[in-house]
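Text of upload-v3.pdb, listed as PDB, C-alpha atoms:
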```pdb
ATOM      1  CA  MET A   1      89.285 128.393 -43.276  1.00  0.00           C
ATOM      2  CA  ASP A   2      91.555 130.253 -45.692  1.00  0.00           C
ATOM      3  CA  ALA A   3      93.795 127.190 -45.967  1.00  0.00           C
ATOM      4  CA  ILE A   4      90.817 125.119 -47.130  1.00  0.00           C
ATOM      5  CA  LEU A   5      89.872 127.843 -49.586  1.00  0.00           C
ATOM      6  CA  ASP A   6      93.400 127.817 -51.001  1.00  0.00           C
ATOM      7  CA  ILE A   7      93.262 124.036 -51.435  1.00  0.00           C
ATOM      8  CA  LEU A   8      89.870 124.220 -53.156  1.00  0.00           C
ATOM      9  CA  ASN A   9      91.009 126.985 -55.504  1.00  0.00           C
ATOM     10  CA  GLU A  10      94.069 124.951 -56.410  1.00  0.00           C
ATOM     11  CA  LEU A  11      92.056 121.784 -57.074  1.00  0.00           C
ATOM     12  CA  LYS A  12      89.164 123.414 -58.903  1.00  0.00           C
ATOM     13  CA  PRO A  13      89.498 127.157 -59.575  1.00  0.00           C
ATOM     14  CA  GLY A  14      86.730 129.453 -60.700  1.00  0.00           C
ATOM     15  CA  ILE A  15      84.095 128.550 -58.109  1.00  0.00           C
ATOM     16  CA  ASP A  16      82.857 130.980 -55.446  1.00  0.00           C
ATOM     17  CA  TYR A  17      83.433 128.648 -52.509  1.00  0.00           C
ATOM     18  CA  ARG A  18      82.496 131.303 -49.952  1.00  0.00           C
ATOM     19  CA  THR A  19      78.860 131.448 -51.065  1.00  0.00           C
ATOM     20  CA  ARG A  20      78.164 127.962 -52.405  1.00  0.00           C
ATOM     21  CA  HIS A  21      76.373 125.380 -50.263  1.00  0.00           C
ATOM     22  CA  ASP A  22      75.731 122.769 -52.947  1.00  0.00           C
ATOM     23  CA  LEU A  23      79.205 121.784 -54.112  1.00  0.00           C
ATOM     24  CA  VAL A  24      78.564 118.034 -53.990  1.00  0.00           C
ATOM     25  CA  ASP A  25      74.876 118.201 -54.870  1.00  0.00           C
ATOM     26  CA  THR A  26      75.609 120.057 -58.118  1.00  0.00           C
ATOM     27  CA  ARG A  27      78.740 117.973 -58.779  1.00  0.00           C
ATOM     28  CA  GLU A  28      81.085 120.943 -58.633  1.00  0.00           C
ATOM     29  CA  LEU A  29      83.108 118.574 -56.445  1.00  0.00           C
ATOM     30  CA  ASP A  30      83.033 115.070 -57.903  1.00  0.00           C
ATOM     31  CA  SER A  31      84.245 111.893 -56.220  1.00  0.00           C
ATOM     32  CA  LEU A  32      87.784 112.120 -57.586  1.00  0.00           C
ATOM     33  CA  THR A  33      88.126 115.722 -56.487  1.00  0.00           C
ATOM     34  CA  ILE A  34      86.820 114.829 -53.034  1.00  0.00           C
ATOM     35  CA  ILE A  35      89.363 112.012 -52.685  1.00  0.00           C
ATOM     36  CA  THR A  36      92.152 114.446 -53.537  1.00  0.00           C
ATOM     37  CA  LEU A  37      90.632 117.065 -51.245  1.00  0.00           C
ATOM     38  CA  VAL A  38      90.517 114.597 -48.341  1.00  0.00           C
ATOM     39  CA  SER A  39      94.207 113.853 -48.811  1.00  0.00           C
ATOM     40  CA  GLU A  40      95.078 117.553 -48.983  1.00  0.00           C
ATOM     41  CA  LEU A  41      93.030 118.344 -45.863  1.00  0.00           C
ATOM     42  CA  GLU A  42      94.645 115.490 -43.959  1.00  0.00           C
ATOM     43  CA  ASP A  43      98.103 116.780 -44.860  1.00  0.00           C
ATOM     44  CA  ALA A  44      97.331 120.443 -44.232  1.00  0.00           C
ATOM     45  CA  PHE A  45      95.683 119.951 -40.847  1.00  0.00           C
ATOM     46  CA  ASP A  46      97.480 116.794 -39.670  1.00  0.00           C
ATOM     47  CA  ILE A  47      94.214 114.889 -39.263  1.00  0.00           C
ATOM     48  CA  THR A  48      92.711 111.641 -40.477  1.00  0.00           C
ATOM     49  CA  ILE A  49      89.315 111.857 -42.123  1.00  0.00           C
ATOM     50  CA  PRO A  50      87.472 108.576 -41.524  1.00  0.00           C
ATOM     51  CA  ALA A  51      85.334 107.190 -44.351  1.00  0.00           C
ATOM     52  CA  VAL A  52      82.157 107.863 -42.343  1.00  0.00           C
ATOM     53  CA  GLU A  53      82.940 111.600 -42.577  1.00  0.00           C
ATOM     54  CA  ILE A  54      83.000 111.591 -46.372  1.00  0.00           C
ATOM     55  CA  VAL A  55      79.374 112.611 -46.811  1.00  0.00           C
ATOM     56  CA  PRO A  56      77.819 115.482 -48.779  1.00  0.00           C
ATOM     57  CA  ALA A  57      76.989 117.466 -45.646  1.00  0.00           C
ATOM     58  CA  ASN A  58      80.704 117.784 -44.871  1.00  0.00           C
ATOM     59  CA  PHE A  59      81.721 118.775 -48.403  1.00  0.00           C
ATOM     60  CA  ASN A  60      78.804 120.813 -49.785  1.00  0.00           C
ATOM     61  CA  SER A  61      80.254 124.061 -48.425  1.00  0.00           C
ATOM     62  CA  LEU A  62      83.431 125.672 -47.184  1.00  0.00           C
ATOM     63  CA  GLU A  63      81.783 126.038 -43.782  1.00  0.00           C
ATOM     64  CA  GLY A  64      80.933 122.331 -43.686  1.00  0.00           C
ATOM     65  CA  MET A  65      84.514 121.391 -44.452  1.00  0.00           C
ATOM     66  CA  TRP A  66      85.872 123.801 -41.840  1.00  0.00           C
ATOM     67  CA  SER A  67      83.445 122.457 -39.238  1.00  0.00           C
ATOM     68  CA  MET A  68      84.508 118.884 -40.001  1.00  0.00           C
ATOM     69  CA  VAL A  69      88.203 119.765 -39.778  1.00  0.00           C
ATOM     70  CA  GLN A  70      87.724 121.542 -36.454  1.00  0.00           C
ATOM     71  CA  ARG A  71      85.697 118.667 -35.042  1.00  0.00           C
ATOM     72  CA  LEU A  72      88.291 116.081 -36.101  1.00  0.00           C
ATOM     73  CA  ARG A  73      91.159 118.151 -34.708  1.00  0.00           C
ATOM     74  CA  GLU A  74      89.388 118.492 -31.367  1.00  0.00           C
ATOM     75  CA  ALA A  75      88.695 114.746 -31.296  1.00  0.00           C
ATOM     76  CA  GLY A  76      92.337 113.989 -31.973  1.00  0.00           C
ATOM     77  CA  PHE A  77      91.894 112.419 -35.381  1.00  0.00           C
TER
END
```
Rewritten as structure tokens:
Amino acid sequence: MDAILDILNELKPGIDYRTRHDLVDTRELDSLTIITLVSELEDAFDITIPAVEIVPANFNSLEGMWSMVQRLREAGF
């Protein structure tokens, strides 16, 4: 999870990602940031994030992102 936190802080510093659960809903993470984030996550974790996974529930919180990454790694994406 720390690797995701590092990526988030690099892309958009100054947000308390550990406590926020509304990152997409409040537009802290906009569509362009999410596209960059998807690319960074794919590179960092050697996964492919299908378009169907790019939904607010997977990006509203650090925990949601970590859960998605773990699920995709286990599924072999």
**Request:** Please write as a VMD selection string the full residue list that the PyMOL selection byres ((chain A and resi 70) around 12) yields on this file.
**Result:** chain A and resid 1 4 41 to 42 45 to 49 58 63 to 69 71 to 77
**Request:** Identify which of the residues A:Leu5, A:Leu29, A:Leu23, A:Ile35 lies closest to A:Ile54, counting only C-alpha atoms when measuring atom-to-atom distances.
**Result:**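 Looking at the shortest contact to A:Ile54, the residue is A:Ile35.
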**Prompt:** Quick one, how far is atom CA of A:Thr26 from atom CA of A:Ala44?
**Reply:**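 A separation of 25.8 Å between them.
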**Request:** Compare A:Asp30, A:Pro50, A:Asp2, A:Val38 by their minimum atom-to-atom distance to A:Tyr17, counting all atoms listed in the file, and give me the closest one.
**Result:**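 Of A:Asp30, A:Pro50, A:Asp2, A:Val38, the one nearest A:Tyr17 is A:Asp2, counting all atoms listed in the file.
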**Prompt:** Can you tell me, as a count of residues only, what residues are no more than 9 Å from stretch 10-13 of chain A when counting all atoms listed in the file, ignoring any on the same chain fewer than 6 positions away?
**Reply:** 5
**Message:** Report, in Å to a single decimal, how far apart atom CA of A:Val52 and atom CA of A:Asp22 are.
**Reply:**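 Going from atom CA of A:Asp22 over to atom CA of A:Val52 covers 19.4 Å.
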**Message:** Just the number, please: distance in Å from atom CA of A:His21 to atom CA of A:Asp43, one decimal.
**Reply:**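 Value for the atom CA of A:His21-atom CA of A:Asp43 distance: 24.0 Å.
Ranking A:Ala57, A:Ile34, A:Val24, A:Ala51 by their shortest atom-to-atom distance to A:Ile7, with only C-alpha atoms included, puts A:Ile34 first.
You can rank A:Glu40, A:Pro56, A:Leu32, A:Asp25 by their closest distance to A:Leu8 using all atoms listed in the file, and at the top of that list sits A:Glu40.
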Given 3 Å on each side, where is the centre and what are the edge lengths in Å to one decimal of the axis-aligned box enclosing the listed atoms of stretch 7-14 of chain A, as AutoDock Vina command-line options?
```
--center_x 90.4 --center_y 125.6 --center_z -56.1 --size_x 13.3 --size_y 13.7 --size_z 15.3
```
